[in-house]
file target_7.txt (compact mmCIF, C-alpha atoms)
# COMPACT_ATOMS: atom_id res chain seq x y z
CA MET Y 1 0.00 0.00 0.00
CA LEU Y 2 1.28 3.42 -0.98
CA THR Y 3 1.14 6.59 1.11
CA LEU Y 4 1.53 9.96 -0.57
CA TYR Y 5 2.75 12.87 1.51
CA TYR Y 6 1.34 15.99 -0.09
CA ALA Y 7 0.76 19.68 0.51
CA PRO Y 8 -1.98 21.60 -1.29
CA VAL Y 9 -0.97 23.83 -4.21
CA THR Y 10 2.40 22.14 -4.53
CA ILE Y 11 3.92 19.80 -7.07
CA SER Y 12 2.64 16.76 -5.14
CA LEU Y 13 -0.64 17.20 -7.04
CA ALA Y 14 0.95 15.76 -10.21
CA THR Y 15 1.62 12.40 -8.55
CA HIS Y 16 -1.73 12.53 -6.77
CA ILE Y 17 -3.54 12.85 -10.11
CA LEU Y 18 -1.54 9.99 -11.60
CA LEU Y 19 -2.40 7.72 -8.68
CA GLU Y 20 -6.06 8.37 -9.53
CA GLU Y 21 -5.44 7.83 -13.25
CA VAL Y 22 -4.03 4.34 -12.65
CA GLY Y 23 -6.72 3.44 -10.11
CA ALA Y 24 -4.24 2.96 -7.26
CA THR Y 25 -5.25 2.22 -3.71
CA TYR Y 26 -3.30 4.65 -1.55
CA ALA Y 27 -3.40 6.71 1.60
CA THR Y 28 -2.49 10.38 1.85
CA LYS Y 29 -0.81 12.43 4.57
CA ARG Y 30 -1.12 16.18 4.47
CA ILE Y 31 1.86 18.39 5.30
CA ASP Y 32 1.10 21.95 6.33
CA PHE Y 33 3.44 24.52 4.79
CA GLN Y 34 1.83 27.29 6.91
CA ILE Y 35 3.51 25.85 10.01
CA ASN Y 36 6.62 24.80 8.05
CA GLN Y 37 5.79 21.15 8.70
CA GLN Y 38 7.96 20.10 5.75
CA ARG Y 39 10.96 20.97 7.95
CA SER Y 40 9.63 19.18 11.06
CA PRO Y 41 11.76 16.36 12.52
CA GLU Y 42 8.97 13.90 11.72
CA TYR Y 43 8.81 14.80 8.04
CA LEU Y 44 12.60 15.02 7.71
CA GLN Y 45 12.63 11.36 8.74
CA VAL Y 46 10.43 10.66 5.70
CA ASN Y 47 12.24 13.00 3.31
CA PRO Y 48 15.54 14.47 4.54
CA LYS Y 49 15.33 17.09 1.78
CA GLY Y 50 12.33 18.67 3.51
CA ARG Y 51 10.47 18.96 0.21
CA MET Y 52 7.27 17.71 -1.34
CA PRO Y 53 6.26 15.11 -2.25
CA ALA Y 54 7.25 11.72 -0.86
CA LEU Y 55 5.75 8.34 -1.63
CA VAL Y 56 6.03 5.59 0.94
CA THR Y 57 6.14 2.15 -0.67
CA ASP Y 58 6.65 -1.37 0.70
CA ARG Y 59 10.27 -1.18 -0.50
CA GLY Y 60 11.14 2.27 0.81
CA ILE Y 61 10.44 5.95 0.31
CA LEU Y 62 10.60 7.68 -3.05
CA THR Y 63 10.95 11.39 -3.76
CA GLU Y 64 11.25 13.64 -6.84
CA THR Y 65 8.23 14.02 -9.09
CA PRO Y 66 9.77 12.80 -12.38
CA ALA Y 67 10.89 9.58 -10.65
CA MET Y 68 7.58 9.06 -8.85
CA LEU Y 69 5.52 9.53 -12.00
CA VAL Y 70 7.46 6.87 -13.89
CA TYR Y 71 7.33 4.61 -10.84
CA VAL Y 72 3.54 4.83 -10.61
CA ALA Y 73 3.13 4.17 -14.34
CA GLN Y 74 5.55 1.26 -14.33
CA SER Y 75 4.49 -0.42 -11.10
CA PHE Y 76 0.79 -0.23 -11.95
CA ARG Y 77 1.55 -1.85 -15.30
CA ARG Y 78 0.78 1.24 -17.28
CA PRO Y 79 4.13 1.76 -19.08
CA ASP Y 80 2.02 3.20 -21.91
CA LEU Y 81 1.48 6.27 -19.71
CA ALA Y 82 5.21 6.96 -20.04
CA LEU Y 83 5.67 5.51 -23.56
CA MET Y 84 8.31 3.33 -21.90
CA ASP Y 85 8.44 0.61 -24.51
CA ASP Y 86 9.92 2.99 -27.08
CA PRO Y 87 13.29 4.35 -25.89
CA PHE Y 88 13.07 7.52 -27.97
CA ALA Y 89 9.47 8.32 -27.02
CA PHE Y 90 10.25 7.60 -23.37
CA ALA Y 91 13.24 9.93 -23.59
CA GLU Y 92 10.98 12.68 -24.91
CA VAL Y 93 8.63 12.13 -21.96
CA GLN Y 94 11.57 12.28 -19.58
CA ALA Y 95 13.09 15.33 -21.25
CA PHE Y 96 9.82 17.20 -20.89
CA ASN Y 97 9.49 16.30 -17.21
CA SER Y 98 13.15 17.11 -16.59
CA TYR Y 99 12.60 20.55 -18.08
CA LEU Y 100 9.63 21.08 -15.77
CA CYS Y 101 11.58 20.11 -12.65
CA SER Y 102 14.94 21.71 -13.40
CA THR Y 103 13.90 24.87 -15.25
CA VAL Y 104 10.20 25.78 -15.05
CA HIS Y 105 9.64 24.83 -11.41
CA VAL Y 106 12.97 26.40 -10.47
CA ALA Y 107 12.14 29.68 -12.22
CA HIS Y 108 8.81 29.74 -10.37
CA ALA Y 109 10.45 28.95 -7.03
CA HIS Y 110 12.36 32.24 -7.12
CA ARG Y 111 9.09 34.00 -6.27
CA MET Y 112 8.54 32.36 -2.88
CA ARG Y 113 11.72 30.42 -2.09
CA GLY Y 114 14.45 32.94 -2.82
CA THR Y 115 16.18 32.18 0.47
CA ARG Y 116 17.38 28.92 -1.01
CA TRP Y 117 19.82 30.93 -3.11
CA VAL Y 118 20.52 34.15 -1.18
CA ASP Y 119 20.68 34.99 2.51
CA ALA Y 120 17.30 35.43 4.17
CA GLU Y 121 18.22 38.93 5.40
CA ASP Y 122 19.01 40.18 1.90
CA ALA Y 123 15.65 41.77 1.13
CA HIS Y 124 16.96 43.51 -1.98
CA SER Y 125 18.00 40.26 -3.70
CA ILE Y 126 14.87 38.41 -2.63
CA ALA Y 127 12.73 41.17 -4.12
CA ALA Y 128 14.89 41.21 -7.26
CA MET Y 129 14.34 37.49 -7.77
CA LYS Y 130 10.62 37.87 -7.29
CA ARG Y 131 10.47 40.66 -9.88
CA LYS Y 132 12.18 38.50 -12.51
CA VAL Y 133 9.74 35.57 -12.18
CA PRO Y 134 7.10 36.77 -14.68
CA GLU Y 135 9.84 37.07 -17.32
CA SER Y 136 11.80 33.88 -16.56
CA VAL Y 137 8.70 31.70 -16.20
CA ALA Y 138 7.10 33.17 -19.34
CA ALA Y 139 10.27 32.36 -21.29
CA CYS Y 140 9.72 28.70 -20.36
CA TYR Y 141 6.10 28.81 -21.48
CA GLU Y 142 7.15 30.33 -24.80
CA LEU Y 143 9.06 27.14 -25.55
CA ILE Y 144 6.24 24.93 -24.28
CA GLU Y 145 3.56 26.83 -26.22
CA ARG Y 146 5.53 27.01 -29.46
CA GLY Y 147 6.80 23.44 -29.62
CA MET Y 148 7.18 21.20 -26.61
CA LEU Y 149 3.42 20.81 -26.09
CA LYS Y 150 2.57 18.78 -29.20
CA GLY Y 151 -1.18 18.73 -28.66
CA PRO Y 152 -3.76 17.69 -27.84
CA TRP Y 153 -1.68 16.16 -25.03
CA VAL Y 154 1.92 17.05 -24.25
CA MET Y 155 3.27 14.08 -26.17
CA GLY Y 156 0.66 14.23 -28.94
CA ALA Y 157 -2.20 11.79 -29.31
CA ARG Y 158 -1.66 9.98 -26.02
CA TYR Y 159 -2.16 11.17 -22.47
CA THR Y 160 1.04 10.57 -20.52
CA ILE Y 161 2.67 11.39 -17.19
CA CYS Y 162 3.72 14.74 -18.71
CA ASP Y 163 0.11 15.93 -18.66
CA PRO Y 164 -0.68 16.02 -14.94
CA TYR Y 165 2.81 17.43 -14.36
CA LEU Y 166 2.36 20.33 -16.80
CA PHE Y 167 -1.18 20.87 -15.48
CA THR Y 168 0.06 21.19 -11.91
CA ILE Y 169 2.77 23.71 -12.78
CA ALA Y 170 0.52 25.65 -15.17
CA GLU Y 171 -1.91 26.18 -12.29
CA TRP Y 172 0.69 28.61 -10.89
CA LEU Y 173 0.82 30.75 -14.02
CA GLU Y 174 -1.42 33.61 -12.90
CA GLY Y 175 0.20 33.62 -9.45
CA ASP Y 176 3.54 34.12 -11.18
CA GLY Y 177 2.18 37.30 -12.77
CA ILE Y 178 1.71 35.95 -16.27
CA GLU Y 179 -1.24 36.87 -18.48
CA PRO Y 180 -2.74 33.48 -19.44
CA ALA Y 181 -3.96 34.80 -22.81
CA ARG Y 182 -0.34 34.78 -23.95
CA PHE Y 183 -0.33 30.99 -23.88
CA PRO Y 184 -3.64 29.74 -25.31
CA ARG Y 185 -2.44 26.20 -26.02
CA VAL Y 186 -1.11 25.79 -22.48
CA ILE Y 187 -4.36 27.13 -21.04
CA ASP Y 188 -6.48 24.88 -23.26
CA HIS Y 189 -4.39 21.89 -22.17
CA ARG Y 190 -4.78 22.92 -18.53
CA ARG Y 191 -8.55 23.11 -18.92
CA ARG Y 192 -8.74 19.66 -20.51
CA VAL Y 193 -6.55 17.97 -17.87
CA GLY Y 194 -8.59 19.77 -15.23
CA GLU Y 195 -11.80 18.25 -16.56
CA ARG Y 196 -10.61 14.65 -16.26
CA ALA Y 197 -12.20 12.62 -13.49
CA ALA Y 198 -8.83 11.69 -11.97
CA THR Y 199 -7.76 15.33 -11.74
CA ARG Y 200 -11.04 16.42 -10.21
CA LYS Y 201 -10.87 13.63 -7.64
CA ALA Y 202 -7.28 14.39 -6.59
CA ILE Y 203 -8.03 18.10 -6.25
CA ALA Y 204 -11.21 17.42 -4.27
CA GLN Y 205 -9.28 15.19 -1.86
CA GLU Y 206 -6.67 17.88 -1.26
CA ARG Y 207 -9.37 20.46 -0.52
CA VAL Y 208 -10.89 18.44 2.34
CA MET F 209 24.41 7.35 -35.66
CA LEU F 210 24.34 9.66 -32.66
CA THR F 211 25.88 13.12 -32.44
CA LEU F 212 26.52 14.65 -29.04
CA TYR F 213 26.70 18.42 -28.77
CA TYR F 214 28.93 19.18 -25.83
CA ALA F 215 30.86 21.95 -24.16
CA PRO F 216 33.86 21.26 -21.92
CA VAL F 217 33.37 21.47 -18.15
CA THR F 218 29.61 21.30 -18.49
CA ILE F 219 27.04 18.66 -17.70
CA SER F 220 27.37 17.18 -21.20
CA LEU F 221 30.31 15.16 -19.85
CA ALA F 222 27.92 12.80 -18.03
CA THR F 223 26.30 11.64 -21.26
CA HIS F 224 29.66 11.60 -23.01
CA ILE F 225 31.03 9.18 -20.41
CA LEU F 226 27.97 6.95 -20.69
CA LEU F 227 28.31 6.77 -24.48
CA GLU F 228 31.80 5.42 -23.86
CA GLU F 229 30.58 3.02 -21.17
CA VAL F 230 28.09 1.40 -23.56
CA GLY F 231 30.55 1.30 -26.45
CA ALA F 232 28.48 3.56 -28.67
CA THR F 233 29.60 4.79 -32.06
CA TYR F 234 28.94 8.53 -32.07
CA ALA F 235 30.17 11.86 -33.33
CA THR F 236 30.68 14.97 -31.21
CA LYS F 237 30.22 18.65 -31.91
CA ARG F 238 31.84 21.16 -29.61
CA ILE F 239 30.00 24.30 -28.56
CA ASP F 240 32.14 27.19 -27.35
CA PHE F 241 30.71 28.97 -24.30
CA GLN F 242 33.45 31.60 -24.53
CA ILE F 243 31.77 33.05 -27.63
CA ASN F 244 28.27 32.26 -26.32
CA GLN F 245 27.80 29.74 -29.12
CA GLN F 246 25.05 28.00 -27.14
CA ARG F 247 22.87 31.04 -28.00
CA SER F 248 23.85 31.12 -31.69
CA PRO F 249 21.05 30.76 -34.27
CA GLU F 250 22.63 27.50 -35.45
CA TYR F 251 22.63 25.90 -32.02
CA LEU F 252 19.17 27.24 -31.15
CA GLN F 253 17.95 25.25 -34.16
CA VAL F 254 19.33 22.15 -32.44
CA ASN F 255 18.22 23.03 -28.92
CA PRO F 256 15.86 26.02 -28.60
CA LYS F 257 16.66 26.14 -24.88
CA GLY F 258 20.22 27.21 -25.67
CA ARG F 259 21.61 24.78 -23.13
CA MET F 260 23.92 21.80 -23.06
CA PRO F 261 23.79 19.02 -24.02
CA ALA F 262 21.84 17.81 -27.03
CA LEU F 263 21.90 14.39 -28.64
CA VAL F 264 20.97 14.07 -32.29
CA THR F 265 19.43 10.69 -33.07
CA ASP F 266 17.85 9.19 -36.18
CA ARG F 267 14.44 9.92 -34.68
CA GLY F 268 15.02 13.48 -33.51
CA ILE F 269 16.95 15.54 -31.01
CA LEU F 270 17.00 14.81 -27.30
CA THR F 271 17.92 17.17 -24.47
CA GLU F 272 18.06 17.05 -20.64
CA THR F 273 20.70 14.87 -19.03
CA PRO F 274 18.44 12.57 -16.96
CA ALA F 275 16.45 11.72 -20.12
CA MET F 276 19.53 11.24 -22.27
CA LEU F 277 21.23 8.94 -19.76
CA VAL F 278 18.23 6.60 -19.62
CA TYR F 279 17.92 6.77 -23.39
CA VAL F 280 21.52 5.70 -23.93
CA ALA F 281 21.20 2.85 -21.43
CA GLN F 282 17.90 1.64 -22.86
CA SER F 283 18.69 2.01 -26.57
CA PHE F 284 22.07 0.29 -26.24
CA ARG F 285 20.35 -2.62 -24.49
CA ARG F 286 21.94 -1.86 -21.16
CA PRO F 287 18.81 -1.36 -19.00
CA ASP F 288 20.91 -2.79 -16.17
CA LEU F 289 22.80 0.54 -16.14
CA ALA F 290 19.56 2.17 -14.97
CA LEU F 291 18.17 -0.82 -13.02
CA MET F 292 15.16 -0.42 -15.30
CA ASP F 293 13.72 -3.89 -14.85
CA ASP F 294 12.90 -3.19 -11.21
CA PRO F 295 10.42 -0.28 -10.91
CA PHE F 296 11.51 0.65 -7.39
CA ALA F 297 15.24 0.49 -8.13
CA PHE F 298 14.72 2.44 -11.34
CA ALA F 299 12.77 5.06 -9.39
CA GLU F 300 15.69 5.41 -6.98
CA VAL F 301 18.03 5.94 -9.93
CA GLN F 302 15.68 8.54 -11.37
CA ALA F 303 15.16 10.26 -8.02
CA PHE F 304 18.90 10.63 -7.59
CA ASN F 305 19.34 12.07 -11.07
CA SER F 306 16.34 14.34 -10.61
CA TYR F 307 17.90 15.71 -7.44
CA LEU F 308 21.13 16.40 -9.33
CA CYS F 309 19.36 18.29 -12.13
CA SER F 310 16.75 20.18 -10.14
CA THR F 311 18.62 20.96 -6.92
CA VAL F 312 22.40 20.39 -7.01
CA HIS F 313 23.04 21.69 -10.52
CA VAL F 314 20.64 24.59 -9.91
CA ALA F 315 22.38 25.57 -6.65
CA HIS F 316 25.71 25.53 -8.51
CA ALA F 317 24.32 27.56 -11.42
CA HIS F 318 23.73 30.54 -9.14
CA ARG F 319 27.49 31.12 -9.15
CA MET F 320 27.86 31.78 -12.88
CA ARG F 321 24.32 32.03 -14.28
CA GLY F 322 22.61 34.37 -11.84
CA THR F 323 21.16 36.43 -14.68
CA ARG F 324 18.69 33.66 -15.31
CA TRP F 325 16.90 34.73 -12.14
CA VAL F 326 17.66 38.43 -11.64
CA ASP F 327 18.28 41.30 -14.05
CA ALA F 328 21.78 41.38 -15.52
CA GLU F 329 22.35 44.95 -14.28
CA ASP F 330 21.62 44.02 -10.65
CA ALA F 331 25.21 43.48 -9.52
CA HIS F 332 24.22 43.32 -5.85
CA SER F 333 21.87 40.36 -6.31
CA ILE F 334 24.22 38.54 -8.67
CA ALA F 335 27.02 38.83 -6.11
CA ALA F 336 24.64 37.77 -3.32
CA MET F 337 23.74 34.60 -5.22
CA LYS F 338 27.38 33.83 -5.83
CA ARG F 339 28.19 34.21 -2.14
CA LYS F 340 25.50 31.71 -1.14
CA VAL F 341 26.73 28.93 -3.46
CA PRO F 342 29.29 27.33 -1.10
CA GLU F 343 26.53 26.96 1.51
CA SER F 344 23.67 25.84 -0.76
CA VAL F 345 25.78 23.38 -2.74
CA ALA F 346 27.39 21.98 0.42
CA ALA F 347 23.92 21.37 1.88
CA CYS F 348 23.22 19.12 -1.12
CA TYR F 349 26.47 17.23 -0.63
CA GLU F 350 25.64 16.69 3.04
CA LEU F 351 22.62 14.66 1.95
CA ILE F 352 24.58 12.82 -0.73
CA GLU F 353 27.50 12.04 1.60
CA ARG F 354 25.35 10.93 4.52
CA GLY F 355 22.86 8.75 2.68
CA MET F 356 22.06 9.10 -0.99
CA LEU F 357 25.46 7.77 -2.11
CA LYS F 358 25.12 4.16 -1.01
CA GLY F 359 28.64 3.08 -1.93
CA PRO F 360 30.74 1.91 -3.52
CA TRP F 361 28.62 3.26 -6.41
CA VAL F 362 25.72 5.66 -6.02
CA MET F 363 23.15 2.86 -6.11
CA GLY F 364 25.29 0.39 -4.17
CA ALA F 365 27.00 -2.62 -5.71
CA ARG F 366 26.26 -1.74 -9.33
CA TYR F 367 27.61 1.05 -11.48
CA THR F 368 24.66 2.95 -12.97
CA ILE F 369 23.87 6.12 -14.90
CA CYS F 370 23.93 7.98 -11.57
CA ASP F 371 27.69 7.55 -11.34
CA PRO F 372 28.93 9.55 -14.33
CA TYR F 373 26.29 12.18 -13.50
CA LEU F 374 27.46 12.63 -9.89
CA PHE F 375 31.09 12.51 -11.05
CA THR F 376 30.50 15.34 -13.53
CA ILE F 377 28.80 17.59 -10.99
CA ALA F 378 31.27 16.74 -8.21
CA GLU F 379 34.08 17.94 -10.48
CA TRP F 380 32.74 21.46 -9.81
CA LEU F 381 32.99 21.17 -6.03
CA GLU F 382 36.23 23.06 -5.47
CA GLY F 383 35.18 25.73 -8.00
CA ASP F 384 32.07 26.27 -5.90
CA GLY F 385 34.27 27.08 -2.91
CA ILE F 386 33.77 23.84 -1.01
CA GLU F 387 36.54 22.12 0.89
CA PRO F 388 36.58 18.58 -0.56
CA ALA F 389 37.77 17.06 2.74
CA ARG F 390 34.26 17.66 4.09
CA PHE F 391 32.90 15.01 1.76
CA PRO F 392 35.31 12.06 1.71
CA ARG F 393 32.84 9.54 0.31
CA VAL F 394 31.90 11.86 -2.58
CA ILE F 395 35.57 12.49 -3.32
CA ASP F 396 36.44 8.79 -3.18
CA HIS F 397 33.57 8.08 -5.56
CA ARG F 398 34.75 10.85 -7.88
CA ARG F 399 38.25 9.39 -7.93
CA ARG F 400 36.99 5.90 -8.76
CA VAL F 401 34.69 7.07 -11.57
CA GLY F 402 37.56 9.21 -12.85
CA GLU F 403 39.80 6.15 -13.11
CA ARG F 404 37.44 4.21 -15.37
CA ALA F 405 38.54 3.83 -18.97
CA ALA F 406 35.27 5.30 -20.31
CA THR F 407 35.64 8.42 -18.16
CA ARG F 408 39.24 8.94 -19.15
CA LYS F 409 38.41 8.55 -22.82
CA ALA F 410 35.50 11.03 -22.74
CA ILE F 411 37.58 13.62 -20.89
CA ALA F 412 40.51 13.16 -23.25
CA GLN F 413 38.22 13.71 -26.25
CA GLU F 414 36.86 16.94 -24.77
CA ARG F 415 40.39 18.25 -24.16
CA VAL F 416 41.40 17.98 -27.81

call {"tool": "encode", "arguments": {"input": "target_7.txt", "output": "structure tokens"}}
result
Amino acid sequence: MLTLYYAPVTISLATHILLEEVGATYATKRIDFQINQQRSPEYLQVNPKGRMPALVTDRGILTETPAMLVYVAQSFRRPDLALMDDPFAFAEVQAFNSYLCSTVHVAHAHRMRGTRWVDAEDAHSIAAMKRKVPESVAACYELIERGMLKGPWVMGARYTICDPYLFTIAEWLEGDGIEPARFPRVIDHRRRVGERAATRKAIAQERV
Amino acid sequence: MLTLYYAPVTISLATHILLEEVGATYATKRIDFQINQQRSPEYLQVNPKGRMPALVTDRGILTETPAMLVYVAQSFRRPDLALMDDPFAFAEVQAFNSYLCSTVHVAHAHRMRGTRWVDAEDAHSIAAMKRKVPESVAACYELIERGMLKGPWVMGARYTICDPYLFTIAEWLEGDGIEPARFPRVIDHRRRVGERAATRKAIAQERV
């Protein structure tokens, strides 16, 4: 039995949606960012990085969204959700997810998590990072809008693990100060992922 | 036939080493960061992100190191190099590589690439980011040293795609202002990967 540690409005939603897509039986544990629970001794035992999400399995604890998404697809015998049987197609799936985690999510994180990269007392630099976010995040969406998002789903005809991941990150777009009308294909994709039963169920669970 | 676009002393070395490990036949094309060639119109045709590395295959162009490493292992029939036949073990491999790309490499990048996240004219913030690098990168190595690096290889008994990736990033440790003696297991691992024939050959090719 799997247990997903999640926090609302964080990247854990991507894995949460996928667990619903594959029909997994799983428990959830909510971590409260308002009281900095992701840095509590209890949670650091689960994930020493103090980040979301973590997935407790019978074999051990997994972290990192790109890894967890492939794990869920593979272990629930849905390698088709990651196009795993075709090395090139799987690499495209992985490249997309890698871009989300290493570039898009990181650009976004400079709005709220600037103290990872400058001293907490340096208000000037923290504000400077925050100001740059609309530009740096939009530059990522330019690439996604113009090419990486093949349509109708990220990888083309088939829904894959890239879709709930992009959906989750694209939910932050307006909060990052970006006018959604600039990226109509991204917004249309977000709407369609949002309408899926699995997405609605995962979101409803996190709102409880 | 594969063609690897690389630049010396960048993350492209990880894939370069793996191509040697699997005995691939491949060509290389060098990109010169000194003249900002990664932003040239020619290279942006190859990789619109303007980043290293890129791997040209018969099916199309791949980017993002974690994706390329799995691709090389899988397409050269060496899934053992990624422990791909075991979903949990494969997820651990992917989680490690995801951490390298989204956290360790990103922490490091704040030393030289601060203008990704603040305006280029903001010398104060760029210097502030640079100053934080020894601390933020060392915090990553604390986790790697104390647990993530199982030993003797990253994933334990078997050499995997995590090893050339950690090796490549750990080569930047001193440049990031970190005293290597703090992380003896990381340094021992770096030495052992560095002694492998594949590693020596890839490095020698990049020095030409």

call {"tool": "residues_around", "arguments": {"input": "target_7.txt", "residues": "Ser75 in chain Y", "least_positions_apart": "6", "cutoff": "9 Å", "atoms": "all atoms listed in the file", "output": "ChimeraX atom specification"}}
result
/F:294-296

call {"tool": "write_last_selection", "arguments": {"input": "target_7.txt", "atoms": "C-alpha atoms", "output": "PDB file, in the frame of the given file"}}
result
ATOM      1  CA  ASP F 294      12.900  -3.190 -11.210  1.00  0.00           C
ATOM      2  CA  PRO F 295      10.420  -0.280 -10.910  1.00  0.00           C
ATOM      3  CA  PHE F 296      11.510   0.650  -7.390  1.00  0.00           C
TER       4      PHE F 296
END

call {"tool": "closest_residue", "arguments": {"input": "target_7.txt", "among": "Y:Ala67, Y:Ala24, Y:Met155, Y:Cys101", "to": "Ile169 in chain Y", "atoms": "only C-alpha atoms"}}
result
Y:Cys101

call {"tool": "residues_around", "arguments": {"input": "target_7.txt", "residues": "range 383-400 of chain F", "least_positions_apart": "5", "cutoff": "8 Å", "atoms": "only C-alpha atoms", "output": "PyMOL selection string"}}
result
chain F and resi 316+319+341-342+345-346+349-350+352-353+357+359-361+374-375+378

call {"tool": "write_last_selection", "arguments": {"input": "target_7.txt", "atoms": "C-alpha atoms", "output": "mmCIF file, keeping the file's coordinate frame"}}
result
data_model
loop_
_atom_site.group_PDB
_atom_site.id
_atom_site.type_symbol
_atom_site.label_atom_id
_atom_site.label_comp_id
_atom_site.auth_asym_id
_atom_site.auth_seq_id
_atom_site.Cartn_x
_atom_site.Cartn_y
_atom_site.Cartn_z
ATOM 1 C CA HIS F 316 25.710 25.530 -8.510
ATOM 2 C CA ARG F 319 27.490 31.120 -9.150
ATOM 3 C CA VAL F 341 26.730 28.930 -3.460
ATOM 4 C CA PRO F 342 29.290 27.330 -1.100
ATOM 5 C CA VAL F 345 25.780 23.380 -2.740
ATOM 6 C CA ALA F 346 27.390 21.980 0.420
ATOM 7 C CA TYR F 349 26.470 17.230 -0.630
ATOM 8 C CA GLU F 350 25.640 16.690 3.040
ATOM 9 C CA ILE F 352 24.580 12.820 -0.730
ATOM 10 C CA GLU F 353 27.500 12.040 1.600
ATOM 11 C CA LEU F 357 25.460 7.770 -2.110
ATOM 12 C CA GLY F 359 28.640 3.080 -1.930
ATOM 13 C CA PRO F 360 30.740 1.910 -3.520
ATOM 14 C CA TRP F 361 28.620 3.260 -6.410
ATOM 15 C CA LEU F 374 27.460 12.630 -9.890
ATOM 16 C CA PHE F 375 31.090 12.510 -11.050
ATOM 17 C CA ALA F 378 31.270 16.740 -8.210
#

call {"tool": "closest_residue", "arguments": {"input": "target_7.txt", "among": "Y:Arg116, Y:Lys150, Y:His105, Y:His124", "to": "Ser136 in chain Y", "atoms": "all atoms listed in the file"}}
result
Y:His105

call {"tool": "interface_residues", "arguments": {"input": "target_7.txt", "of": "chain Y", "to": "chain F", "cutoff": "8 Å", "atoms": "all atoms listed in the file", "output": "MDAnalysis selection string"}}
result
chainID Y and resid 48:49 59 62:68 70:71 74:75 87:88 90:92 94:95 98:99 101:103 106:107 110 116:119 124:125 128:129 131:133 136 143

call {"tool": "residues_around", "arguments": {"input": "target_7.txt", "residues": "range 77-81 of chain Y", "least_positions_apart": "6", "cutoff": "7 Å", "atoms": "all atoms listed in the file", "output": "MDAnalysis selection string"}}
result
chainID Y and resid 159:161
